[in-house]
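Next comes data14.txt, with compact mmCIF, C-alpha atoms and all ligand atoms.
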```
# COMPACT_ATOMS: atom_id res chain seq x y z
CA MET L 219 -49.43 149.63 16.87
CA LYS L 220 -52.34 147.70 18.31
CA ILE L 221 -52.07 144.75 20.69
CA THR L 222 -55.02 142.50 21.50
CA PHE L 223 -54.91 139.79 24.18
CA TYR L 224 -56.91 136.64 23.42
CA GLY L 225 -56.27 134.94 26.78
CA HIS L 226 -53.50 132.57 27.91
CA SER L 227 -50.45 133.34 25.70
CA CYS L 228 -52.30 134.37 22.55
CA PHE L 229 -51.79 137.92 21.26
CA LYS L 230 -52.64 139.74 18.08
CA ILE L 231 -50.38 142.59 16.99
CA ILE L 232 -51.20 144.98 14.18
CA THR L 233 -48.11 146.96 13.22
CA GLU L 234 -48.02 150.61 12.17
CA LYS L 235 -47.91 149.55 8.54
CA GLY L 236 -50.84 147.20 9.03
CA LYS L 237 -49.11 143.83 9.17
CA LYS L 238 -51.09 141.34 11.25
CA ILE L 239 -49.29 138.97 13.59
CA LEU L 240 -50.81 136.27 15.82
CA ILE L 241 -48.70 134.61 18.51
CA ASP L 242 -49.46 131.20 20.06
CA PRO L 243 -52.80 130.84 18.28
CA TRP L 244 -54.93 129.05 20.87
CA ILE L 245 -57.99 131.13 20.13
CA THR L 246 -60.37 128.63 21.72
CA ASN L 247 -58.78 128.74 25.17
CA PRO L 248 -61.06 128.82 28.24
CA LEU L 249 -60.57 132.60 28.57
CA SER L 250 -60.80 133.58 24.93
CA PRO L 251 -63.37 136.24 24.10
CA LYS L 252 -66.42 135.59 21.91
CA GLU L 253 -65.08 137.79 19.15
CA VAL L 254 -61.73 136.58 17.88
CA ASP L 255 -60.14 137.70 14.65
CA THR L 256 -59.57 134.43 12.80
CA GLY L 257 -57.52 136.08 10.09
CA PRO L 258 -56.09 136.19 7.58
CA TYR L 259 -52.84 136.98 9.36
CA ASP L 260 -49.55 137.86 7.70
CA PHE L 261 -47.58 135.95 10.32
CA ILE L 262 -48.39 133.34 12.95
CA LEU L 263 -45.67 132.65 15.52
CA ILE L 264 -45.53 129.47 17.58
CA THR L 265 -43.28 129.29 20.65
CA HIS L 266 -43.49 125.51 21.19
CA ALA L 267 -45.54 122.43 20.42
CA HIS L 268 -47.62 122.12 23.59
CA GLY L 269 -51.31 122.15 22.77
CA ASP L 270 -51.99 125.40 24.62
CA HIS L 271 -49.57 127.21 22.23
CA LEU L 272 -49.84 125.28 18.96
CA GLY L 273 -53.52 125.82 19.59
CA ASP L 274 -55.79 126.27 16.61
CA VAL L 275 -53.02 126.84 14.08
CA LEU L 276 -54.23 124.12 11.70
CA LYS L 277 -57.69 125.67 11.54
CA ILE L 278 -56.43 129.23 11.14
CA ALA L 279 -53.63 128.52 8.69
CA LYS L 280 -55.35 126.24 6.20
CA ASN L 281 -56.24 127.91 2.89
CA GLU L 282 -54.52 131.09 3.84
CA ASN L 283 -51.33 132.86 2.97
CA SER L 284 -50.11 133.30 6.53
CA GLU L 285 -46.48 132.53 7.09
CA ILE L 286 -46.19 130.31 10.16
CA ILE L 287 -42.90 130.92 11.93
CA ALA L 288 -41.69 128.19 14.27
CA ILE L 289 -38.75 126.01 15.13
CA HIS L 290 -37.66 123.44 12.54
CA GLU L 291 -39.46 120.45 14.14
CA ILE L 292 -42.79 122.31 14.26
CA GLN L 293 -42.30 123.50 10.68
CA GLN L 294 -41.85 119.86 9.58
CA TYR L 295 -45.06 118.92 11.38
CA LEU L 296 -46.95 121.77 9.71
CA LEU L 297 -45.62 120.87 6.26
CA ASN L 298 -46.81 117.31 6.86
CA GLN L 299 -50.25 118.71 7.72
CA GLY L 300 -50.36 120.45 4.34
CA ILE L 301 -49.43 123.95 5.47
CA SER L 302 -46.95 125.02 2.84
CA LYS L 303 -46.00 128.45 4.13
CA ALA L 304 -44.36 127.21 7.30
CA ILE L 305 -41.02 128.87 7.94
CA GLY L 306 -38.60 126.83 10.04
CA MET L 307 -35.86 128.51 12.00
CA ASN L 308 -33.90 127.94 15.17
CA ILE L 309 -32.76 129.65 18.33
CA GLY L 310 -30.41 132.58 17.85
CA GLY L 311 -31.48 133.31 14.30
CA THR L 312 -33.46 136.18 12.84
CA TYR L 313 -35.94 135.96 9.98
CA GLN L 314 -36.23 139.29 8.24
CA VAL L 315 -39.23 139.82 6.04
CA GLY L 316 -39.81 143.28 4.61
CA ASP L 317 -39.09 145.66 7.45
CA LEU L 318 -40.04 143.24 10.22
CA ARG L 319 -37.61 140.97 12.06
CA PHE L 320 -38.44 137.84 14.01
CA THR L 321 -35.66 136.64 16.28
CA MET L 322 -35.94 133.28 18.01
CA VAL L 323 -34.58 133.34 21.57
CA PRO L 324 -34.30 130.57 24.18
CA ALA L 325 -36.99 129.55 26.63
CA LEU L 326 -36.44 127.32 29.63
CA HIS L 327 -39.21 124.75 29.20
CA SER L 328 -39.98 121.58 27.24
CA SER L 329 -41.77 121.00 23.95
CA SER L 330 -43.69 118.00 22.67
CA PHE L 331 -46.69 117.62 20.40
CA PRO L 332 -50.01 116.50 21.88
CA ASP L 333 -49.21 112.93 20.70
CA GLY L 334 -45.95 112.99 22.68
CA LYS L 335 -43.57 113.40 19.74
CA TYR L 336 -40.54 115.65 20.19
CA GLY L 337 -41.34 119.24 19.30
CA GLY L 338 -37.84 120.71 19.11
CA ALA L 339 -36.66 123.26 21.63
CA PRO L 340 -39.12 125.71 23.16
CA CYS L 341 -38.49 129.35 22.32
CA GLY L 342 -39.48 132.95 22.76
CA PHE L 343 -39.59 135.63 20.07
CA ILE L 344 -38.28 139.14 19.72
CA ILE L 345 -40.41 140.93 17.16
CA THR L 346 -38.72 144.06 15.87
CA LEU L 347 -41.22 146.34 14.19
CA GLU L 348 -40.86 148.80 11.31
CA ASN L 349 -40.04 151.61 13.76
CA GLU L 350 -37.34 149.50 15.47
CA VAL L 351 -39.47 149.00 18.59
CA SER L 352 -38.99 145.46 19.90
CA ILE L 353 -41.54 143.24 21.58
CA TYR L 354 -40.54 140.13 23.57
CA HIS L 355 -42.96 137.21 23.80
CA ALA L 356 -41.28 134.86 26.25
CA GLY L 357 -43.35 131.76 25.42
CA ASP L 358 -43.50 129.31 28.30
CA THR L 359 -40.39 129.70 30.37
CA GLY L 360 -38.76 129.60 33.73
CA LEU L 361 -36.46 132.40 34.74
CA PHE L 362 -33.05 132.24 33.09
CA TYR L 363 -30.05 134.47 33.51
CA GLU L 364 -29.56 135.02 29.77
CA MET L 365 -32.59 137.31 29.83
CA LYS L 366 -29.88 139.86 30.56
CA LEU L 367 -28.50 139.16 27.07
CA ILE L 368 -31.96 139.66 25.60
CA LYS L 369 -31.96 143.09 27.25
CA GLU L 370 -28.46 143.87 26.05
CA LEU L 371 -29.00 142.80 22.44
CA TYR L 372 -32.65 143.66 21.73
CA SER L 373 -33.76 145.97 24.55
CA PRO L 374 -37.45 145.08 24.22
CA LYS L 375 -39.77 147.97 25.03
CA ILE L 376 -42.72 145.65 25.61
CA ALA L 377 -42.55 142.20 27.22
CA PHE L 378 -45.24 139.53 27.38
CA LEU L 379 -44.20 137.36 30.34
CA PRO L 380 -45.82 134.30 31.91
CA ILE L 381 -46.69 134.70 35.61
CA GLY L 382 -48.98 131.72 36.24
CA ASP L 383 -46.46 129.49 38.05
CA HIS L 384 -46.36 125.66 38.05
CA TYR L 385 -45.43 125.19 34.37
CA VAL L 386 -43.82 128.63 33.93
CA MET L 387 -42.47 131.52 35.99
CA GLY L 388 -44.53 132.55 38.97
CA PRO L 389 -44.86 136.15 40.18
CA LYS L 390 -41.53 136.12 42.05
CA GLU L 391 -39.54 134.85 39.04
CA ALA L 392 -41.40 137.07 36.58
CA ALA L 393 -40.57 140.13 38.70
CA LYS L 394 -36.88 139.18 38.57
CA ALA L 395 -37.24 138.72 34.80
CA CYS L 396 -38.45 142.33 34.63
CA ASP L 397 -35.36 143.38 36.59
CA PHE L 398 -33.21 141.61 33.98
CA LEU L 399 -35.17 142.84 30.95
CA ARG L 400 -36.11 146.39 32.01
CA PRO L 401 -38.99 146.76 29.56
CA GLU L 402 -41.09 149.91 29.56
CA ILE L 403 -44.27 147.87 29.48
CA ILE L 404 -44.97 144.40 30.80
CA ILE L 405 -48.12 142.52 29.91
CA PRO L 406 -48.64 139.40 32.08
CA MET L 407 -49.83 136.20 30.41
CA HIS L 408 -50.27 132.47 31.03
CA TYR L 409 -52.17 132.80 34.31
CA GLY L 410 -55.68 131.95 35.46
CA THR L 411 -56.51 129.78 32.45
CA PHE L 412 -56.62 126.65 34.60
CA PRO L 413 -56.82 126.38 38.42
CA ILE L 414 -53.25 125.04 38.53
CA LEU L 415 -51.90 128.33 37.13
CA THR L 416 -52.05 129.98 40.54
CA GLY L 417 -49.87 133.05 39.92
CA THR L 418 -51.90 136.25 40.11
CA VAL L 419 -51.45 139.81 38.93
CA GLU L 420 -51.81 141.00 42.55
CA ASN L 421 -48.85 138.89 43.67
CA PHE L 422 -46.85 139.91 40.62
CA GLU L 423 -47.45 143.58 41.44
CA LYS L 424 -46.31 142.93 45.04
CA GLU L 425 -43.13 141.19 43.88
CA ILE L 426 -42.24 143.85 41.37
CA LYS L 427 -42.33 146.55 44.08
CA LYS L 428 -39.19 144.92 45.50
CA TYR L 429 -37.27 146.30 42.53
CA ASN L 430 -36.85 149.91 41.72
CA LEU L 431 -38.13 149.72 38.16
CA SER L 432 -39.82 152.35 36.06
CA LEU L 433 -42.18 150.14 34.14
CA THR L 434 -45.87 149.99 33.50
CA ILE L 435 -47.80 146.79 34.08
CA ILE L 436 -50.66 146.61 31.62
CA VAL L 437 -53.21 143.96 32.50
CA LEU L 438 -55.35 143.11 29.52
CA LYS L 439 -58.64 141.31 29.82
CA PRO L 440 -59.15 138.70 27.11
CA GLY L 441 -60.48 140.54 24.09
CA GLU L 442 -59.08 143.87 25.23
CA GLU L 443 -57.04 145.91 22.73
CA ILE L 444 -54.54 148.67 23.41
CA THR L 445 -52.91 151.15 21.06
CA LEU L 446 -49.29 151.97 21.82
NI NI U 501 -45.72 124.66 27.49
MN MN U 502 -48.25 126.66 28.24
```
Would you mind writing the structure in this file as structure tokens?
Ligand code: NI
Ligand code: MN
Amino acid sequence: MKITFYGHSCFKIITEKGKKILIDPWITNPLSPKEVDTGPYDFILITHAHGDHLGDVLKIAKNENSEIIAIHEIQQYLLNQGISKAIGMNIGGTYQVGDLRFTMVPALHSSSFPDGKYGGAPCGFIITLENEVSIYHAGDTGLFYEMKLIKELYSPKIAFLPIGDHYVMGPKEAAKACDFLRPEIIIPMHYGTFPILTGTVENFEKEIKKYNLSLTIIVLKPGEEITL
């Protein structure tokens, strides 16, 4: 599989069988690279309605066959915007399509559209790939104890976790999240985009040393791709 980081919380995943997934499609964020794959994507996942996550979905999704997977309230918004292939779901459920599974899990945050309208509950996603490897994209979240359930039920091998503080977990909380989740690989996200996101990779690495974990922190520069 290939994972590309587009800055902030935006990731592209290409699965072993070539399915293309984009998560939190803010491809015009202040850190995004010059070269961004604008699609078509098979699936676009949205964790919540805040502008830095809903992002450029309307631009990317129009006139394409991408399935947009989001919570019910965001699906309704997308349908109203003329995007017909919006799949609405809710927390706790799994959407199986072919040999991929998208499970919506809780996030401890808020969710409203840029105009202030209610955006449903915020969420994270567990993406279970063809080879049964699971990836956890936590969305925007504070630390919550039920991350232990996410470990128990889905045992994600790879976790994308916010570390930027202020609106989401900071380094201290994200390190504890790793203790709960025990992923093999953690890729930090949602830091450095704006000055107020003060959490740094250096501090996260310091905090994580307090736990005796065998995990690899992979820090991706925006635009950087890894093959796993
Ligand atoms: Ni948010
Ligand atoms: Mn955010």
Problem - Coordinates-based distance that separates CA of Lys238 (chain L) from CA of Leu415 (chain L) (Å, one decimal) - result: 29.0 Å
Exercise for the section: Can you pull out every residue within 7 Å of Pro374 (chain L), counting all atoms listed in the file, but drop anything in the same chain fewer than 2 positions away, and send it as number ranges by chain? Expected result: L: 352-354, 369, 372, 376-377, 401
Problem - Who sits within 7 Å of Pro243 (chain L), all atoms listed in the file, same chain under 3 positions skipped, as an NGL selection string - result: :L and (228 or 240 or 271-275)
What does the list of residues within 10 Å of ligand MN 502 (chain U) look like if you count all atoms listed in the file, written as an mmCIF file with C-alpha atoms, in the coordinates of the input?
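Result went into result14.cif, see below:
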```cif
data_model
loop_
_atom_site.group_PDB
_atom_site.id
_atom_site.type_symbol
_atom_site.label_atom_id
_atom_site.label_comp_id
_atom_site.auth_asym_id
_atom_site.auth_seq_id
_atom_site.Cartn_x
_atom_site.Cartn_y
_atom_site.Cartn_z
ATOM 1 C CA HIS L 226 -53.500 132.570 27.910
ATOM 2 C CA SER L 227 -50.450 133.340 25.700
ATOM 3 C CA ASP L 242 -49.460 131.200 20.060
ATOM 4 C CA THR L 265 -43.280 129.290 20.650
ATOM 5 C CA HIS L 266 -43.490 125.510 21.190
ATOM 6 C CA ALA L 267 -45.540 122.430 20.420
ATOM 7 C CA HIS L 268 -47.620 122.120 23.590
ATOM 8 C CA GLY L 269 -51.310 122.150 22.770
ATOM 9 C CA ASP L 270 -51.990 125.400 24.620
ATOM 10 C CA HIS L 271 -49.570 127.210 22.230
ATOM 11 C CA LEU L 272 -49.840 125.280 18.960
ATOM 12 C CA HIS L 327 -39.210 124.750 29.200
ATOM 13 C CA SER L 328 -39.980 121.580 27.240
ATOM 14 C CA SER L 329 -41.770 121.000 23.950
ATOM 15 C CA GLY L 357 -43.350 131.760 25.420
ATOM 16 C CA ASP L 358 -43.500 129.310 28.300
ATOM 17 C CA THR L 359 -40.390 129.700 30.370
ATOM 18 C CA PRO L 380 -45.820 134.300 31.910
ATOM 19 C CA GLY L 382 -48.980 131.720 36.240
ATOM 20 C CA TYR L 385 -45.430 125.190 34.370
ATOM 21 C CA VAL L 386 -43.820 128.630 33.930
ATOM 22 C CA MET L 407 -49.830 136.200 30.410
ATOM 23 C CA HIS L 408 -50.270 132.470 31.030
ATOM 24 C CA TYR L 409 -52.170 132.800 34.310
ATOM 25 C CA THR L 411 -56.510 129.780 32.450
ATOM 26 C CA LEU L 415 -51.900 128.330 37.130
#
```
Problem - Counting all atoms listed in the file, the residue of L:Phe343, L:Phe331, L:Phe362, L:Phe398 that sits nearest ligand NI 501 (chain U) - result: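 Answer, going by the shortest atom-to-atom distance: L:Phe331.
The residue that comes closest to ligand NI 501 (chain U), out of L:Leu263, L:Ile292, L:Ile344, L:Ala325 and on the basis of only C-alpha atoms and all ligand atoms, is L:Ala325.
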Exercise for the section: Name all residues at most 8 Å from region 295-302 of chain L (count only C-alpha atoms; drop same-chain ones fewer than 4 positions away) and give them as number ranges by chain. Expected result: L: 276, 279-280, 291
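Among the candidates L:Gly342, L:Pro406, L:Gly306, L:Pro440, the residue lying nearest to ligand NI 501 (chain U) is L:Gly342 (atoms considered: all atoms listed in the file).
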Practice task
Provide the CA of Lys424 (chain L) to CA of Glu442 (chain L) distance in Å, to one decimal place.
Solution key: 23.6 Å
Practice task
List the neighbours of Pro258 (chain L) out to 8 Å using only C-alpha atoms; skip same-chain residues closer than 4 positions along the sequence, and give me the result as number ranges by chain.
Solution key: L: 278, 282-284
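For the atom pair formed by CA of Asn308 (chain L) and CA of Pro389 (chain L), the distance is 28.5 Å, given to one decimal.
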Exercise for the section: For each of L:Glu402, L:Asp383, L:Glu425, L:Glu443, take the minimum atom-to-atom distance to ligand NI 501 (chain U), counting all atoms listed in the file, then give the residue where this is smallest. Expected result: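 So, comparing all the options, the nearest one is L:Asp383.
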Fill in the blank from the handout: Judged by all atoms listed in the file, the minimum distance to ligand NI 501 (chain U) among L:Ala339, L:Leu361, L:Ile368, L:Ala395 is found for L:Ala339
Practice task
Give me the residues within 10 Å of Tyr224 (chain L) as an MDAnalysis selection string, counting all atoms listed in the file and dropping any in the same chain fewer than 5 places off.
Solution key: chainID L and resid 229:230 240:247 249:255 407 438:443
Practice task
Using all atoms listed in the file, give me every residue within 10 Å of (-34.8, 151.9, 19.4) in file coordinates, as a PyMOL selection string.
Solution key: chain L and resi 346-347+349-352+372-375
Exercise for the section: Determine the nearest neighbour of ligand NI 501 (chain U) from the options L:Pro332, L:Gly225, L:Gly417, L:Gly410, counting all atoms listed in the file. Expected result: L:Pro332
How big is the axis-aligned box around the listed atoms of region 258-272 of chain L once 8 Å is added on each side, and where is its centre? Give both in Å to one decimal, as AutoDock Vina command-line options.
```
--center_x -49.7 --center_y 130.0 --center_z 16.1 --size_x 28.8 --size_y 31.7 --size_z 33.0
```
